[in-house]
$ cat entry_34.txt   # compact mmCIF, C-alpha atoms
# COMPACT_ATOMS: atom_id res chain seq x y z
CA MET A 1 140.45 174.57 -15.85
CA SER A 2 139.85 177.71 -13.90
CA LEU A 3 141.19 180.99 -15.22
CA ASP A 4 140.81 182.71 -11.88
CA TRP A 5 144.15 184.41 -11.32
CA GLY A 6 143.14 185.81 -7.99
CA LEU A 7 142.57 189.26 -9.45
CA GLY A 8 139.53 191.01 -8.04
CA ALA A 9 137.85 194.31 -8.78
CA LEU A 10 138.99 197.24 -6.68
CA ILE A 11 135.38 197.96 -5.73
CA ASN A 12 133.22 194.88 -5.18
CA LEU A 13 129.65 195.38 -6.41
CA ASN A 14 128.62 191.73 -5.93
CA HIS A 15 126.26 192.47 -3.08
CA PRO A 16 122.52 193.32 -3.00
CA GLY A 17 121.76 196.65 -4.62
CA HIS A 18 119.86 199.66 -3.29
CA TYR A 19 116.67 200.88 -4.94
CA ILE A 20 114.73 204.13 -4.91
CA HIS A 21 110.98 203.72 -5.07
CA TRP A 22 108.69 206.65 -5.86
CA HIS A 23 105.11 206.03 -7.02
CA VAL A 24 105.42 203.87 -10.13
CA ILE A 25 109.16 204.60 -10.49
CA ASP A 26 111.57 201.95 -9.16
CA VAL A 27 115.21 202.58 -10.02
CA SER A 28 118.46 201.17 -8.72
CA VAL A 29 121.00 203.59 -7.27
CA ALA A 30 123.56 202.20 -9.76
CA ASN A 31 121.29 202.97 -12.73
CA LEU A 32 120.48 206.39 -11.33
CA ALA A 33 124.21 207.13 -11.00
CA VAL A 34 124.73 206.18 -14.67
CA MET A 35 121.78 208.38 -15.73
CA VAL A 36 123.12 211.35 -13.74
CA LEU A 37 126.56 210.85 -15.34
CA MET A 38 124.97 210.71 -18.81
CA VAL A 39 123.06 213.95 -18.23
CA ALA A 40 126.20 215.56 -16.77
CA ALA A 41 128.20 214.48 -19.86
CA PHE A 42 125.49 215.94 -22.12
CA VAL A 43 125.42 219.24 -20.27
CA ALA A 44 129.23 219.37 -20.22
CA ALA A 45 129.30 218.72 -23.97
CA LEU A 46 126.94 221.68 -24.44
CA PHE A 47 128.77 224.18 -22.30
CA LEU A 48 132.43 223.22 -22.29
CA PRO A 49 134.42 224.74 -25.15
CA PHE A 50 135.72 222.39 -27.86
CA PRO A 51 139.30 221.41 -27.02
CA GLY A 52 141.80 223.16 -29.28
CA ARG A 53 139.16 225.55 -30.62
CA LYS A 54 141.14 228.70 -29.71
CA HIS A 55 144.29 227.28 -31.28
CA ARG A 56 142.40 226.38 -34.48
CA ARG A 57 140.72 229.76 -34.66
CA GLY A 58 144.12 231.39 -34.25
CA GLU A 59 145.46 229.35 -37.18
CA GLU A 60 142.55 230.37 -39.38
CA GLU A 61 143.08 234.04 -38.66
CA MET B 1 107.72 228.58 -60.62
CA SER B 2 110.35 228.32 -57.90
CA LYS B 3 109.70 226.07 -54.93
CA ARG B 4 108.93 227.81 -51.65
CA TYR B 5 111.83 227.65 -49.14
CA ASN B 6 111.08 225.24 -46.27
CA PRO B 7 113.48 225.70 -43.31
CA ASP B 8 112.89 222.10 -42.12
CA VAL B 9 114.03 220.40 -45.31
CA ASP B 10 115.89 222.95 -47.45
CA VAL B 11 119.49 223.91 -46.72
CA PRO B 12 120.76 227.37 -47.70
CA GLU B 13 124.05 227.43 -49.56
CA TYR B 14 126.96 227.98 -47.14
CA LYS B 15 129.09 230.96 -48.09
CA GLY B 16 131.27 231.29 -44.98
CA ARG B 17 134.82 230.16 -44.24
CA TYR B 18 135.91 226.51 -44.16
CA ALA B 19 138.21 225.04 -41.54
CA PRO B 20 140.29 221.84 -41.78
CA TYR B 21 139.01 218.86 -39.84
CA ASP B 22 140.92 215.61 -39.22
CA ILE B 23 138.28 212.93 -38.68
CA LEU B 24 140.89 210.15 -38.35
CA LYS B 25 142.67 212.04 -35.56
CA GLU B 26 139.36 212.70 -33.78
CA GLY B 27 138.28 209.03 -34.21
CA THR B 28 141.61 207.78 -32.84
CA ILE B 29 141.39 210.08 -29.82
CA ALA B 30 137.81 208.90 -29.14
CA LEU B 31 138.88 205.25 -29.44
CA VAL B 32 141.79 205.71 -27.03
CA VAL B 33 139.64 207.60 -24.51
CA VAL B 34 136.91 204.92 -24.62
CA LEU B 35 139.53 202.15 -24.32
CA ILE B 36 141.05 203.80 -21.23
CA LEU B 37 137.56 204.26 -19.74
CA VAL B 38 136.59 200.62 -20.41
CA LEU B 39 139.82 199.23 -18.94
CA GLY B 40 139.67 201.61 -15.98
CA LEU B 41 136.06 200.76 -15.16
CA ALA B 42 136.70 197.01 -15.64
CA ILE B 43 139.66 197.12 -13.23
CA THR B 44 137.72 199.23 -10.72
CA PHE B 45 134.33 197.51 -10.74
CA GLY B 46 134.79 194.08 -12.37
CA SER B 47 131.65 192.42 -13.68
CA PRO B 48 128.58 190.59 -12.30
CA ASP B 49 129.58 187.21 -10.95
CA ASP B 50 126.32 185.40 -10.18
CA LYS B 51 126.46 181.65 -10.67
CA ALA B 52 124.06 180.16 -13.22
CA ILE B 53 120.89 178.69 -11.71
CA THR B 54 120.35 175.11 -12.83
CA LEU B 55 117.78 172.43 -12.08
CA GLN B 56 120.40 170.95 -9.75
CA THR B 57 120.79 174.23 -7.83
CA TRP B 58 117.02 174.53 -7.53
CA SER B 59 116.32 170.94 -6.46
CA LYS B 60 119.09 171.11 -3.85
CA ALA B 61 117.93 174.46 -2.47
CA ASP B 62 114.19 173.69 -2.49
CA PRO B 63 113.45 170.02 -3.31
CA VAL B 64 109.76 170.30 -2.40
CA ASP B 65 109.20 173.21 -4.79
CA PHE B 66 111.02 171.23 -7.48
CA ALA B 67 108.89 168.12 -6.81
CA THR B 68 105.68 170.17 -6.84
CA THR B 69 106.67 171.71 -10.18
CA ALA B 70 107.66 168.29 -11.58
CA PHE B 71 104.20 167.02 -10.62
CA ASN B 72 102.59 170.03 -12.35
CA GLU B 73 104.58 169.18 -15.48
CA LEU B 74 103.37 165.57 -15.33
CA ASN B 75 99.81 166.71 -14.59
CA GLY B 76 99.85 169.26 -17.42
CA THR B 77 98.94 172.14 -15.09
CA SER B 78 102.18 174.14 -15.24
CA ALA B 79 102.43 177.52 -16.97
CA VAL B 80 104.40 176.03 -19.88
CA ALA B 81 101.93 173.16 -20.26
CA GLY B 82 99.11 175.67 -20.77
CA TYR B 83 101.08 178.38 -22.58
CA GLY B 84 100.00 177.70 -26.15
CA PRO B 85 102.14 178.46 -29.22
CA PRO B 86 105.07 178.08 -29.81
CA TYR B 87 105.14 175.17 -27.32
CA ASN B 88 101.71 173.56 -27.61
CA THR B 89 98.06 174.22 -28.45
CA ASN B 90 96.80 174.22 -24.86
CA GLY B 91 96.55 177.99 -24.42
CA THR B 92 95.75 181.26 -26.13
CA SER B 93 98.81 182.95 -27.53
CA GLN B 94 99.53 186.62 -26.90
CA HIS B 95 97.53 188.78 -29.26
CA PHE B 96 95.98 192.17 -29.98
CA GLY B 97 92.57 191.73 -31.53
CA PHE B 98 92.99 189.41 -34.47
CA ILE B 99 96.78 190.04 -34.62
CA SER B 100 98.42 186.95 -33.15
CA PRO B 101 101.86 186.23 -34.66
CA ALA B 102 102.60 183.36 -32.24
CA LYS B 103 99.40 181.62 -33.34
CA TRP B 104 100.15 182.28 -37.00
CA LEU B 105 103.63 180.77 -36.66
CA GLY B 106 102.15 177.77 -34.83
CA VAL B 107 103.81 175.21 -32.59
CA HIS B 108 107.44 175.19 -33.74
CA ILE B 109 109.09 174.31 -30.40
CA PRO B 110 106.79 171.41 -29.46
CA ILE B 111 106.85 170.62 -25.75
CA ASN B 112 104.72 168.04 -24.00
CA THR B 113 105.70 168.74 -20.41
CA ALA B 114 104.74 165.27 -19.09
CA ARG B 115 106.69 163.47 -21.79
CA ASP B 116 109.63 165.90 -22.29
CA PHE B 117 110.24 167.03 -18.69
CA VAL B 118 109.36 163.86 -16.75
CA VAL B 119 108.88 160.57 -18.63
CA THR B 120 111.65 160.81 -21.24
CA PRO B 121 114.36 161.96 -18.76
CA LEU B 122 113.35 159.13 -16.41
CA GLU B 123 113.62 156.64 -19.27
CA SER B 124 117.20 157.80 -19.85
CA GLN B 125 118.16 156.69 -16.32
CA PRO B 126 120.14 153.48 -15.71
CA ALA B 127 117.71 150.59 -15.20
CA SER B 128 116.43 150.26 -11.66
CA PRO B 129 113.67 147.70 -10.92
CA THR B 130 111.52 150.23 -9.01
CA LEU B 131 111.74 152.93 -11.67
CA SER B 132 111.30 150.48 -14.57
CA ARG B 133 108.20 149.06 -12.90
CA ALA B 134 106.79 152.55 -12.29
CA LEU B 135 107.43 153.67 -15.88
CA SER B 136 105.90 150.47 -17.33
CA GLN B 137 102.87 150.95 -15.09
CA TRP B 138 102.54 154.60 -16.21
CA THR B 139 102.88 153.98 -19.95
CA ALA B 140 100.60 150.92 -19.90
CA ALA B 141 97.82 152.77 -18.02
CA THR B 142 94.84 154.33 -19.74
CA SER B 143 94.42 158.07 -19.72
CA ALA B 144 91.60 157.75 -17.16
CA THR B 145 93.79 155.73 -14.79
CA GLN B 146 96.65 158.21 -15.14
CA THR B 147 94.21 161.03 -14.33
CA SER B 148 92.96 159.22 -11.19
CA TRP B 149 96.58 158.70 -9.99
CA LEU B 150 97.39 162.35 -10.65
CA SER B 151 94.26 163.46 -8.83
CA ALA B 152 95.09 161.28 -5.81
CA TYR B 153 98.67 162.59 -5.69
CA SER B 154 97.42 166.15 -6.06
CA ASN B 155 95.33 165.76 -2.89
CA VAL B 156 98.37 164.86 -0.77
CA SER B 157 101.15 166.79 -2.53
CA SER B 158 100.69 169.85 -0.32
CA LYS B 159 101.87 167.70 2.62
CA ALA B 160 105.07 166.65 0.84
CA SER B 161 108.36 167.01 2.70
CA PHE B 162 111.97 166.19 2.03
CA THR B 163 113.63 164.12 4.72
CA GLY B 164 116.55 161.71 4.67
CA ASP B 165 117.38 162.68 1.08
CA GLN B 166 113.98 161.39 -0.04
CA LEU B 167 110.72 163.03 -1.02
CA VAL B 168 108.06 161.94 1.45
CA VAL B 169 104.40 162.12 0.45
CA PRO B 170 101.44 160.68 2.43
CA ALA B 171 100.15 157.37 1.04
CA ALA B 172 97.39 157.62 -1.54
CA LYS B 173 96.04 155.67 -4.50
CA ASP B 174 98.47 157.45 -6.79
CA GLY B 175 100.09 154.45 -8.52
CA PRO B 176 103.63 155.09 -9.85
CA VAL B 177 103.48 158.89 -9.48
CA PRO B 178 105.40 159.17 -6.14
CA VAL B 179 108.23 156.96 -7.47
CA MET B 180 108.42 159.00 -10.68
CA ILE B 181 108.47 162.36 -8.90
CA ASN B 182 110.94 161.20 -6.24
CA THR B 183 113.28 159.70 -8.86
CA LEU B 184 113.10 162.87 -10.97
CA THR B 185 113.95 164.93 -7.86
CA GLN B 186 116.97 162.68 -7.15
CA MET B 187 117.94 162.95 -10.79
CA ALA B 188 117.78 166.74 -10.65
CA ARG B 189 119.81 166.84 -7.42
CA SER B 190 122.58 164.80 -9.05
CA GLY B 191 122.71 167.12 -12.09
CA ALA B 192 121.56 164.36 -14.44
CA LEU B 193 118.29 166.11 -15.30
CA ASP B 194 120.10 169.24 -16.54
CA GLN B 195 122.21 166.98 -18.72
CA ALA B 196 119.19 165.00 -19.99
CA LEU B 197 117.20 168.10 -20.94
CA GLU B 198 120.15 169.92 -22.53
CA THR B 199 121.35 166.97 -24.58
CA SER B 200 117.98 165.67 -25.69
CA LYS B 201 118.77 166.83 -29.24
CA GLY B 202 122.30 165.43 -29.39
CA PHE B 203 125.51 165.07 -27.41
CA TYR B 204 126.78 168.63 -27.83
CA THR B 205 124.17 171.34 -27.49
CA THR B 206 123.78 174.88 -26.31
CA ASP B 207 119.99 174.74 -26.39
CA PHE B 208 118.82 175.49 -22.84
CA THR B 209 115.14 175.93 -23.79
CA LYS B 210 113.84 172.94 -21.85
CA PRO B 211 115.72 173.40 -18.56
CA LEU B 212 114.89 177.13 -18.62
CA LEU B 213 111.19 176.49 -19.20
CA PHE B 214 111.15 173.88 -16.44
CA LEU B 215 112.92 176.34 -14.12
CA SER B 216 110.45 179.10 -14.98
CA ASP B 217 107.50 176.95 -13.85
CA GLY B 218 108.67 176.77 -10.22
CA THR B 219 108.55 179.48 -7.56
CA TYR B 220 112.27 179.25 -6.71
CA PHE B 221 113.56 181.08 -9.78
CA ALA B 222 110.90 183.82 -9.55
CA GLY B 223 111.78 184.22 -5.85
CA LEU B 224 115.44 184.80 -6.70
CA ALA B 225 114.46 187.26 -9.43
CA GLN B 226 112.26 189.17 -6.99
CA LYS B 227 115.07 189.32 -4.46
CA GLY B 228 117.37 190.74 -7.15
CA HIS B 229 114.78 193.27 -8.37
CA LEU B 230 114.70 191.54 -11.74
CA LEU B 231 110.97 190.85 -12.16
CA GLY B 232 109.05 192.59 -14.93
CA THR B 233 106.92 194.31 -12.28
CA GLN B 234 110.08 195.74 -10.69
CA TRP B 235 111.47 197.43 -13.83
CA GLY B 236 113.68 194.34 -13.92
CA MET B 237 114.43 194.64 -17.62
CA MET B 238 116.75 197.58 -16.92
CA ASN B 239 118.36 196.10 -13.80
CA GLU B 240 121.50 194.01 -13.44
CA THR B 241 122.25 191.49 -10.72
CA ASP B 242 123.59 192.79 -7.41
CA SER B 243 124.78 196.42 -7.30
CA TYR B 244 125.83 196.77 -10.93
CA PRO B 245 124.15 199.29 -13.22
CA GLY B 246 122.00 197.63 -15.85
CA GLN B 247 120.39 198.47 -19.16
CA ALA B 248 119.20 201.97 -18.30
CA TRP B 249 118.37 202.62 -21.96
CA LEU B 250 115.49 200.11 -21.68
CA TRP B 251 113.64 202.42 -19.29
CA LEU B 252 110.80 203.16 -21.71
CA TYR B 253 110.38 199.50 -22.70
CA THR B 254 110.09 198.36 -19.09
CA PHE B 255 108.04 201.43 -18.05
CA TRP B 256 105.01 200.19 -19.98
CA TYR B 257 104.91 196.98 -17.92
CA GLN B 258 104.26 199.08 -14.80
CA VAL B 259 101.15 200.88 -16.03
CA SER B 260 97.64 199.97 -17.14
CA PRO B 261 96.55 198.23 -19.36
CA PHE B 262 99.87 196.44 -19.83
CA ASN B 263 100.40 195.50 -16.15
CA THR B 264 97.21 193.44 -16.11
CA SER B 265 97.20 192.11 -19.66
CA THR B 266 98.05 188.48 -20.43
CA SER B 267 99.39 189.75 -23.78
CA ALA B 268 101.63 192.40 -22.17
CA ASP B 269 104.81 191.25 -23.96
CA PHE B 270 103.19 191.50 -27.36
CA LEU B 271 101.42 194.80 -26.61
CA VAL B 272 104.56 196.45 -25.24
CA TRP B 273 106.61 195.17 -28.18
CA GLY B 274 104.01 196.49 -30.62
CA LEU B 275 103.88 199.90 -28.94
CA MET B 276 107.68 200.17 -28.93
CA MET B 277 107.79 199.26 -32.63
CA ILE B 278 105.27 202.05 -33.35
CA LEU B 279 107.26 204.56 -31.25
CA THR B 280 110.49 203.47 -32.96
CA ALA B 281 108.87 204.00 -36.37
CA VAL B 282 107.77 207.48 -35.24
CA LEU B 283 111.35 208.24 -34.16
CA VAL B 284 112.76 207.05 -37.49
CA LEU B 285 110.18 209.12 -39.36
CA VAL B 286 110.73 212.35 -37.36
CA PRO B 287 112.21 214.18 -40.41
CA PHE B 288 108.93 213.60 -42.25
CA ILE B 289 106.51 214.61 -39.49
CA PRO B 290 105.53 218.31 -39.79
CA GLY B 291 105.75 220.13 -36.48
CA VAL B 292 107.84 217.49 -34.75
CA ARG B 293 110.66 217.93 -37.27
CA SER B 294 110.68 221.68 -36.53
CA ILE B 295 111.42 221.20 -32.82
CA PRO B 296 115.26 221.24 -33.14
CA ARG B 297 115.06 224.40 -35.26
CA ARG B 298 112.65 226.10 -32.87
CA ILE B 299 114.36 225.26 -29.56
CA LYS B 300 117.66 226.49 -31.07
CA LEU B 301 119.91 224.14 -29.08
CA TYR B 302 122.22 224.05 -32.09
CA ARG B 303 122.98 227.73 -31.56
CA LEU B 304 124.37 226.88 -28.13
CA ILE B 305 126.54 224.06 -29.51
CA TRP B 306 127.85 226.18 -32.40
CA ARG B 307 127.79 229.42 -30.38
CA GLU B 308 131.16 230.63 -31.65
CA HIS B 309 130.01 230.32 -35.23
CA TYR B 310 126.75 232.18 -34.58
CA ARG B 311 128.61 234.82 -32.54
CA ASP B 312 130.73 235.56 -35.62
CA LEU B 313 127.74 235.94 -37.94
$ encode --input "entry_34.txt" --output "structure tokens"
Amino acid sequence: MSLDWGLGALINLNHPGHYIHWHVIDVSVANLAVMVLMVAAFVAALFLPFPGRKHRRGEEE
Amino acid sequence: MSKRYNPDVDVPEYKGRYAPYDILKEGTIALVVVLILVLGLAITFGSPDDKAITLQTWSKADPVDFATTAFNELNGTSAVAGYGPPYNTNGTSQHFGFISPAKWLGVHIPINTARDFVVTPLESQPASPTLSRALSQWTAATSATQTSWLSAYSNVSSKASFTGDQLVVPAAKDGPVPVMINTLTQMARSGALDQALETSKGFYTTDFTKPLLFLSDGTYFAGLAQKGHLLGTQWGMMNETDSYPGQAWLWLYTFWYQVSPFNTSTSADFLVWGLMMILTAVLVLVPFIPGVRSIPRRIKLYRLIWREHYRDL
């Protein structure tokens, strides 16, 4: 019995991917996007202030 | 005598202020955020939806490639037939010097490609006079006769075509081989070969070893993998089908397959695995490696993360 309820993804990624080739490096655009997001999240975690930090510091003082 | 203070392993006693910290609250917030992200991404992008490739798919899409591979299985010239342990003793297992775990473990998934991929599945077919005669002829023949039939078929197999739902091969002194290969091709096209190879150990099974090995011996499956950028030489280990992101964290594992000496070695899988195990051990042992363990202290990234604390000091 099929469980296909006719619901599809909003963005269809079931089509051939795009790849960036440079010397020995061969990476898909999708993977590159994930890597860029990971680096961005890391940098944001370094530089953005901790949420609620000011409030907590105020409580301590 | 007091021990000398080592900044990499010794921790000075903390004499500053303490602040309350609710780990349950933080954990719950993280769980909810990740749940929202997962549901949001699932609704937005869905998931890969490639249909499974079976022997039926292959033999319908490229019957000549299937028949050629089936003949190689019968002839004992396929990659699996000459792979060595764990399937048989016909090849050298992957090794580094004298280190050869596959050889040490021996043949524990025994596969005789002629018997397991061709003869036994054909024997499971409903009796047909032509097939029964061909199988009797094959099993009754001496090894030398079988070899002469295989050799004769091999000489004409490059001219094989598929017309009128039948495999057509020029006439040769190849005994029962054309009937066997044609029947196996028909069997594959009907889906019966997938069933025969999956259920050879019982009625219910999830063991796809045999159909996968058979599939891997042809050029059809590798062609699809190449088209989808999934081959080992294409960093395929970190790719997903179609336009989905894949296993980006396997970048280092798959990187080694692209460079010498791994990209030309017949033991590449074992060498890359061994190297990654060594690198993983180094990573685990970082706190014990002088110099390397000092890097976090020397680059002072922690002072950026805890900048408010260090500003107050």
$ residues_around --input "entry_34.txt" --residues "Lys103 (chain B)" --least-positions-apart "2" --cutoff "12 Å" --atoms "all atoms listed in the file" --output "PDB file with C-alpha atoms, in the frame of the given file"
ATOM      1  CA  TYR B  83     101.080 178.380 -22.580  1.00  0.00           C
ATOM      2  CA  GLY B  84     100.000 177.700 -26.150  1.00  0.00           C
ATOM      3  CA  PRO B  85     102.140 178.460 -29.220  1.00  0.00           C
ATOM      4  CA  PRO B  86     105.070 178.080 -29.810  1.00  0.00           C
ATOM      5  CA  TYR B  87     105.140 175.170 -27.320  1.00  0.00           C
ATOM      6  CA  ASN B  88     101.710 173.560 -27.610  1.00  0.00           C
ATOM      7  CA  THR B  89      98.060 174.220 -28.450  1.00  0.00           C
ATOM      8  CA  ASN B  90      96.800 174.220 -24.860  1.00  0.00           C
ATOM      9  CA  GLY B  91      96.550 177.990 -24.420  1.00  0.00           C
ATOM     10  CA  THR B  92      95.750 181.260 -26.130  1.00  0.00           C
ATOM     11  CA  SER B  93      98.810 182.950 -27.530  1.00  0.00           C
ATOM     12  CA  GLN B  94      99.530 186.620 -26.900  1.00  0.00           C
ATOM     13  CA  HIS B  95      97.530 188.780 -29.260  1.00  0.00           C
ATOM     14  CA  PHE B  96      95.980 192.170 -29.980  1.00  0.00           C
ATOM     15  CA  PHE B  98      92.990 189.410 -34.470  1.00  0.00           C
ATOM     16  CA  ILE B  99      96.780 190.040 -34.620  1.00  0.00           C
ATOM     17  CA  SER B 100      98.420 186.950 -33.150  1.00  0.00           C
ATOM     18  CA  PRO B 101     101.860 186.230 -34.660  1.00  0.00           C
ATOM     19  CA  LEU B 105     103.630 180.770 -36.660  1.00  0.00           C
ATOM     20  CA  GLY B 106     102.150 177.770 -34.830  1.00  0.00           C
ATOM     21  CA  VAL B 107     103.810 175.210 -32.590  1.00  0.00           C
ATOM     22  CA  HIS B 108     107.440 175.190 -33.740  1.00  0.00           C
TER      23      HIS B 108
END
$ closest_residue --input "entry_34.txt" --among "B:Gly236, B:Thr163, B:Lys25, B:Val64" --to "Ile25 (chain A)" --atoms "all atoms listed in the file"
B:Gly236
$ interface_residues --input "entry_34.txt" --of "chain B" --to "chain A" --cutoff "10 Å" --atoms "only C-alpha atoms" --output "PyMOL selection string"
chain B and resi 17-21+41-50+227-229+233-236+238-249+251+255+258-259+301-302+304-308
$ residues_around --input "entry_34.txt" --residues "Ala196 (chain B)" --least-positions-apart "6" --cutoff "12 Å" --atoms "only C-alpha atoms" --output "list in words"
Leu55, Gln56, Asp116, Phe117, Val118, Val119, Thr120, Pro121, Leu122, Glu123, Ser124, Gln125, Leu184, Met187, Ala188, Ser190, Gly202, Phe203, Tyr204, Thr205, Asp207, Phe208, Lys210 and Pro211 of chain B
$ closest_residue --input "entry_34.txt" --among "B:Val177, B:Leu250, B:Ala192, B:Ala140" --to "Glu73 (chain B)" --atoms "all atoms listed in the file"
B:Val177
$ atom_distance --input "entry_34.txt" --atom1 "CA of Asp269 (chain B)" --atom2 "CA of Leu252 (chain B)"
13.5 Å
$ atom_distance --input "entry_34.txt" --atom1 "CA of Leu37 (chain A)" --atom2 "CA of His23 (chain A)"
23.5 Å
$ atom_distance --input "entry_34.txt" --atom1 "CA of Gly16 (chain B)" --atom2 "CA of Phe288 (chain B)"
28.6 Å
$ axis_aligned_box --input "entry_34.txt" --around "region 10-14 of chain B" --padding-each-side "8 Å" --output "JSON"
{"center_x": 121.4, "center_y": 225.5, "center_z": -48.1, "size_x": 27.1, "size_y": 21.0, "size_z": 18.8}
$ residues_around --input "entry_34.txt" --residues "Ala61 (chain B)" --least-positions-apart "2" --cutoff "12 Å" --atoms "all atoms listed in the file" --output "list in words"
Ile53, Thr54, Leu55, Gln56, Thr57, Trp58, Ser59, Pro63, Val64, Asp65, Phe66, Ala67, Phe162, Thr185, Ala188, Arg189, Thr219, Tyr220, Phe221 and Leu224 of chain B
$ write_last_selection --input "entry_34.txt" --atoms "C-alpha atoms" --output "short mmCIF file (atom, residue, chain, number, x, y, z; two decimals), in the frame of the given file"
data_model
loop_
_atom_site.label_atom_id
_atom_site.label_comp_id
_atom_site.auth_asym_id
_atom_site.auth_seq_id
_atom_site.Cartn_x
_atom_site.Cartn_y
_atom_site.Cartn_z
CA ILE B 53 120.89 178.69 -11.71
CA THR B 54 120.35 175.11 -12.83
CA LEU B 55 117.78 172.43 -12.08
CA GLN B 56 120.40 170.95 -9.75
CA THR B 57 120.79 174.23 -7.83
CA TRP B 58 117.02 174.53 -7.53
CA SER B 59 116.32 170.94 -6.46
CA PRO B 63 113.45 170.02 -3.31
CA VAL B 64 109.76 170.30 -2.40
CA ASP B 65 109.20 173.21 -4.79
CA PHE B 66 111.02 171.23 -7.48
CA ALA B 67 108.89 168.12 -6.81
CA PHE B 162 111.97 166.19 2.03
CA THR B 185 113.95 164.93 -7.86
CA ALA B 188 117.78 166.74 -10.65
CA ARG B 189 119.81 166.84 -7.42
CA THR B 219 108.55 179.48 -7.56
CA TYR B 220 112.27 179.25 -6.71
CA PHE B 221 113.56 181.08 -9.78
CA LEU B 224 115.44 184.80 -6.70
#
$ residues_around --input "entry_34.txt" --residues "region 171-174 of chain B" --least-positions-apart "2" --cutoff "12 Å" --atoms "all atoms listed in the file" --output "PyMOL selection string"
chain B and resi 71+134+137-138+145-157+159-160+168-169+176-181
$ closest_residue --input "entry_34.txt" --among "B:Val286, B:Ile278, B:Ile29, B:Val11" --to "Pro51 (chain A)" --atoms "all atoms listed in the file"
B:Ile29
$ decode --input "entry_34.txt" --residues "region 40-51 of chain A" --atoms "C-alpha atoms" --output "PDB file, in the first residue's frame"
ATOM      1  CA  ALA A  40      29.139  30.830   9.234  1.00  0.00           C
ATOM      2  CA  ALA A  41      27.514  29.176  12.288  1.00  0.00           C
ATOM      3  CA  PHE A  42      30.958  28.709  13.869  1.00  0.00           C
ATOM      4  CA  VAL A  43      31.969  32.311  13.257  1.00  0.00           C
ATOM      5  CA  ALA A  44      28.579  33.539  14.514  1.00  0.00           C
ATOM      6  CA  ALA A  45      28.985  31.435  17.664  1.00  0.00           C
ATOM      7  CA  LEU A  46      32.360  33.106  18.248  1.00  0.00           C
ATOM      8  CA  PHE A  47      31.295  36.679  17.751  1.00  0.00           C
ATOM      9  CA  LEU A  48      27.617  36.912  18.647  1.00  0.00           C
ATOM     10  CA  PRO A  49      26.980  37.602  22.322  1.00  0.00           C
ATOM     11  CA  PHE A  50      25.409  34.821  24.415  1.00  0.00           C
ATOM     12  CA  PRO A  51      21.643  35.355  24.533  1.00  0.00           C
TER      13      PRO A  51
END
